[in-house]
$ cat protein01.tsv   # TSV, C-alpha atoms
chain	number	residue	atom	x	y	z
A	27	MET	CA	61.46	53.00	99.08
A	28	PRO	CA	60.41	52.98	102.74
A	29	ASN	CA	62.20	51.05	105.45
A	30	PHE	CA	60.12	48.70	107.56
A	31	CYS	CA	60.99	47.76	111.13
A	32	ALA	CA	62.12	44.12	111.49
A	33	ALA	CA	60.96	43.81	115.09
A	34	PRO	CA	58.08	41.38	115.60
A	35	ASN	CA	54.65	43.03	115.65
A	36	CYS	CA	56.10	46.45	114.81
A	37	THR	CA	54.32	48.11	111.91
A	38	ARG	CA	56.40	51.27	111.71
A	39	LYS	CA	57.84	52.33	108.39
A	40	SER	CA	60.08	55.25	107.60
A	41	THR	CA	57.52	57.14	105.50
A	42	GLN	CA	55.05	57.29	108.43
A	43	SER	CA	57.41	58.33	111.15
A	44	ASP	CA	60.19	60.69	112.08
A	45	LEU	CA	61.83	57.85	113.99
A	46	ALA	CA	65.34	56.80	113.03
A	47	PHE	CA	65.83	53.39	111.44
A	48	PHE	CA	69.06	51.47	112.03
A	49	ARG	CA	70.69	48.88	109.77
A	50	PHE	CA	71.72	45.55	111.25
A	51	PRO	CA	75.47	45.58	111.98
A	52	ARG	CA	77.85	43.92	109.52
A	53	ASP	CA	79.98	42.58	112.37
A	54	PRO	CA	78.89	38.91	112.68
A	55	ALA	CA	78.87	38.77	116.51
A	56	ARG	CA	76.91	42.01	116.92
A	57	CYS	CA	74.56	41.06	114.10
A	58	GLN	CA	73.85	37.70	115.76
A	59	LYS	CA	72.91	39.52	118.99
A	60	TRP	CA	70.44	41.69	117.07
A	61	VAL	CA	68.88	38.62	115.46
A	62	GLU	CA	68.60	36.88	118.84
A	63	ASN	CA	66.99	39.96	120.39
A	64	CYS	CA	64.53	40.24	117.49
A	65	ARG	CA	63.32	36.69	118.16
A	66	ARG	CA	62.55	36.12	114.48
A	67	ALA	CA	63.50	32.64	113.29
A	68	ASP	CA	63.28	33.71	109.64
A	69	LEU	CA	66.28	36.03	110.12
A	70	GLU	CA	68.56	33.34	111.57
A	71	ASP	CA	69.68	31.97	108.18
A	72	LYS	CA	70.51	35.39	106.70
A	73	THR	CA	74.11	36.61	106.47
A	74	PRO	CA	75.18	39.84	108.19
A	75	ASP	CA	75.51	41.45	104.74
A	76	GLN	CA	71.96	40.44	103.78
A	77	LEU	CA	70.59	41.73	107.08
A	78	ASN	CA	72.54	44.99	106.79
A	79	LYS	CA	71.28	45.59	103.26
A	80	HIS	CA	67.62	44.63	103.66
A	81	TYR	CA	66.55	44.89	107.32
A	82	ARG	CA	66.21	47.76	109.83
A	83	LEU	CA	65.08	48.31	113.40
A	84	CYS	CA	63.29	51.50	114.35
A	85	ALA	CA	64.45	53.62	117.28
A	86	LYS	CA	61.57	52.36	119.45
A	87	HIS	CA	63.51	49.11	119.93
A	88	VAL	CA	66.81	50.72	120.93
A	89	GLU	CA	67.66	52.16	124.34
A	90	THR	CA	67.55	55.96	124.18
A	91	SER	CA	70.98	56.17	125.81
A	92	MET	CA	72.48	54.31	122.82
A	93	ILE	CA	71.30	56.88	120.25
A	94	CYS	CA	73.56	59.75	119.23
A	95	ARG	CA	72.00	62.80	117.57
A	96	THR	CA	75.03	65.04	117.14
A	97	SER	CA	74.04	65.89	113.57
A	98	PRO	CA	70.67	67.22	112.40
A	99	TYR	CA	71.04	65.03	109.29
A	100	ARG	CA	72.00	61.68	110.76
A	101	THR	CA	71.18	59.60	113.83
A	102	VAL	CA	73.68	56.92	114.83
A	103	LEU	CA	74.07	54.28	117.50
$ encode --input "protein01.tsv" --output "structure tokens"
Amino acid sequence: MPNFCAAPNCTRKSTQSDLAFFRFPRDPARCQKWVENCRRADLEDKTPDQLNKHYRLCAKHVETSMICRTSPYRTVL
């Protein structure tokens, strides 16, 4: 099943792109920051676990300096 980017007006999905997709953090404070930066009111009532399980942001919405590509199989923040 493809991942869709949760950023507003972003139509990227994992099957159409070689971009990395990142799960929302489980840490409540960090997760809240992500929700605030997404500016999507519909995400505000979701728990960090729900967001981590069901929502992703594509690499286009993350500063390049925050992305670590030390492995050819996995991209991490």
$ residues_around --input "protein01.tsv" --residues "Met92 (chain A)" --least-positions-apart "4" --cutoff "9 Å" --atoms "all atoms listed in the file" --output "PyMOL selection string"
chain A and resi 88+102-103
$ residues_around --input "protein01.tsv" --residues "Asp71 (chain A)" --least-positions-apart "4" --cutoff "12 Å" --atoms "all atoms listed in the file" --output "MDAnalysis selection string"
chainID A and resid 57:58 61:62 66:67 75:77
$ residues_around --input "protein01.tsv" --residues "Arg100 (chain A)" --least-positions-apart "6" --cutoff "12 Å" --atoms "only C-alpha atoms" --output "PyMOL selection string"
chain A and resi 44-48+93-94
$ atom_distance --input "protein01.tsv" --atom1 "CA of Asp53 (chain A)" --atom2 "CA of Ser91 (chain A)"
21.1 Å
$ closest_residue --input "protein01.tsv" --among "A:His80, A:Lys72, A:His87, A:Phe50" --to "Arg38 (chain A)" --atoms "all atoms listed in the file"
A:His87
$ closest_residue --input "protein01.tsv" --among "A:Thr90, A:Tyr99, A:Leu83, A:Ser40" --to "Asn63 (chain A)" --atoms "only C-alpha atoms"
A:Leu83
$ closest_residue --input "protein01.tsv" --among "A:Gln42, A:Asn78, A:Ser97, A:Asn35" --to "Cys64 (chain A)" --atoms "only C-alpha atoms"
A:Asn35
$ atom_distance --input "protein01.tsv" --atom1 "CA of Cys31 (chain A)" --atom2 "CA of Tyr81 (chain A)"
7.3 Å
$ closest_residue --input "protein01.tsv" --among "A:Pro34, A:Thr101, A:Asn29, A:Thr96" --to "Arg65 (chain A)" --atoms "all atoms listed in the file"
A:Pro34
$ atom_distance --input "protein01.tsv" --atom1 "CA of Thr41 (chain A)" --atom2 "CA of Thr73 (chain A)"
26.4 Å
$ closest_residue --input "protein01.tsv" --among "A:Cys36, A:Lys79, A:Leu69, A:Pro98" --to "Pro51 (chain A)" --atoms "all atoms listed in the file"
A:Lys79
$ decode --input "protein01.tsv" --residues "region 47-91 of chain A" --atoms "N, CA and C atoms" --output "short mmCIF file (atom, residue, chain, number, x, y, z; two decimals), in the first residue's frame"
data_model
loop_
_atom_site.label_atom_id
_atom_site.label_comp_id
_atom_site.auth_asym_id
_atom_site.auth_seq_id
_atom_site.Cartn_x
_atom_site.Cartn_y
_atom_site.Cartn_z
N PHE A 47 9.87 8.79 2.67
CA PHE A 47 8.70 9.19 3.44
C PHE A 47 8.99 8.91 4.91
N PHE A 48 8.66 9.87 5.77
CA PHE A 48 8.98 9.76 7.19
C PHE A 48 7.71 9.70 8.03
N ARG A 49 7.70 8.77 8.99
CA ARG A 49 6.58 8.64 9.92
C ARG A 49 6.60 9.82 10.89
N PHE A 50 5.43 10.20 11.37
CA PHE A 50 5.36 11.19 12.44
C PHE A 50 6.00 10.58 13.68
N PRO A 51 6.71 11.39 14.48
CA PRO A 51 7.36 10.85 15.68
C PRO A 51 6.34 10.39 16.72
N ARG A 52 6.71 9.39 17.50
CA ARG A 52 5.85 8.94 18.60
C ARG A 52 5.97 9.84 19.82
N ASP A 53 7.10 10.53 19.96
CA ASP A 53 7.29 11.44 21.07
C ASP A 53 6.24 12.55 20.98
N PRO A 54 5.40 12.73 22.02
CA PRO A 54 4.29 13.70 21.94
C PRO A 54 4.71 15.12 21.61
N ALA A 55 5.80 15.62 22.20
CA ALA A 55 6.22 17.01 21.94
C ALA A 55 6.69 17.18 20.51
N ARG A 56 7.50 16.25 20.03
CA ARG A 56 7.98 16.34 18.64
C ARG A 56 6.83 16.15 17.65
N CYS A 57 5.94 15.25 17.96
CA CYS A 57 4.79 14.99 17.09
C CYS A 57 3.91 16.24 16.98
N GLN A 58 3.70 16.91 18.11
CA GLN A 58 2.90 18.14 18.11
C GLN A 58 3.52 19.20 17.22
N LYS A 59 4.85 19.31 17.24
CA LYS A 59 5.55 20.26 16.36
C LYS A 59 5.28 19.94 14.89
N TRP A 60 5.34 18.66 14.55
CA TRP A 60 5.08 18.25 13.16
C TRP A 60 3.66 18.63 12.76
N VAL A 61 2.70 18.38 13.64
CA VAL A 61 1.30 18.71 13.35
C VAL A 61 1.15 20.22 13.15
N GLU A 62 1.76 21.00 14.04
CA GLU A 62 1.70 22.47 13.92
C GLU A 62 2.30 22.92 12.59
N ASN A 63 3.43 22.35 12.22
CA ASN A 63 4.10 22.74 10.98
C ASN A 63 3.33 22.28 9.74
N CYS A 64 2.55 21.24 9.87
CA CYS A 64 1.71 20.78 8.74
C CYS A 64 0.53 21.72 8.49
N ARG A 65 0.11 22.39 9.54
CA ARG A 65 -1.04 23.30 9.44
C ARG A 65 -2.29 22.60 8.91
N ARG A 66 -2.53 21.40 9.45
CA ARG A 66 -3.74 20.65 9.10
C ARG A 66 -4.56 20.43 10.36
N ALA A 67 -5.68 21.12 10.46
CA ALA A 67 -6.53 21.03 11.65
C ALA A 67 -7.04 19.61 11.88
N ASP A 68 -7.23 18.84 10.82
CA ASP A 68 -7.77 17.49 10.98
C ASP A 68 -6.79 16.53 11.66
N LEU A 69 -5.51 16.91 11.77
CA LEU A 69 -4.54 16.05 12.44
C LEU A 69 -4.42 16.36 13.93
N GLU A 70 -4.95 17.50 14.36
CA GLU A 70 -4.77 17.96 15.73
C GLU A 70 -5.39 17.04 16.78
N ASP A 71 -6.44 16.31 16.43
CA ASP A 71 -7.10 15.44 17.42
C ASP A 71 -6.58 14.00 17.39
N LYS A 72 -5.60 13.73 16.57
CA LYS A 72 -5.02 12.38 16.48
C LYS A 72 -3.92 12.21 17.52
N THR A 73 -3.79 10.99 18.04
CA THR A 73 -2.72 10.71 19.01
C THR A 73 -1.40 10.51 18.26
N PRO A 74 -0.28 10.66 18.96
CA PRO A 74 1.01 10.39 18.31
C PRO A 74 1.08 8.98 17.72
N ASP A 75 0.49 8.00 18.39
CA ASP A 75 0.51 6.63 17.85
C ASP A 75 -0.29 6.53 16.56
N GLN A 76 -1.44 7.19 16.50
CA GLN A 76 -2.25 7.19 15.27
C GLN A 76 -1.49 7.86 14.13
N LEU A 77 -0.89 9.00 14.42
CA LEU A 77 -0.14 9.72 13.40
C LEU A 77 1.06 8.91 12.92
N ASN A 78 1.77 8.27 13.84
CA ASN A 78 2.93 7.46 13.49
C ASN A 78 2.52 6.28 12.60
N LYS A 79 1.40 5.71 12.89
CA LYS A 79 0.96 4.52 12.14
C LYS A 79 0.39 4.85 10.76
N HIS A 80 -0.31 5.97 10.65
CA HIS A 80 -1.09 6.23 9.43
C HIS A 80 -0.65 7.42 8.57
N TYR A 81 0.25 8.26 9.07
CA TYR A 81 0.59 9.48 8.32
C TYR A 81 2.09 9.59 8.10
N ARG A 82 2.47 10.18 6.95
CA ARG A 82 3.88 10.36 6.58
C ARG A 82 4.07 11.74 5.97
N LEU A 83 5.29 12.21 6.03
CA LEU A 83 5.70 13.41 5.28
C LEU A 83 6.79 12.99 4.31
N CYS A 84 6.73 13.50 3.09
CA CYS A 84 7.78 13.18 2.14
C CYS A 84 8.99 14.08 2.37
N ALA A 85 10.11 13.69 1.83
CA ALA A 85 11.38 14.38 2.06
C ALA A 85 11.38 15.82 1.53
N LYS A 86 10.46 16.17 0.67
CA LYS A 86 10.39 17.54 0.15
C LYS A 86 10.05 18.55 1.24
N HIS A 87 9.50 18.08 2.37
CA HIS A 87 9.08 18.97 3.44
C HIS A 87 10.02 18.92 4.64
N VAL A 88 11.19 18.35 4.44
CA VAL A 88 12.20 18.23 5.50
C VAL A 88 13.49 18.88 5.00
N GLU A 89 14.15 19.63 5.86
CA GLU A 89 15.43 20.23 5.47
C GLU A 89 16.43 19.14 5.10
N THR A 90 17.11 19.33 4.01
CA THR A 90 18.07 18.35 3.51
C THR A 90 19.13 18.01 4.56
N SER A 91 19.52 19.00 5.35
CA SER A 91 20.56 18.76 6.36
C SER A 91 20.08 17.82 7.47
#
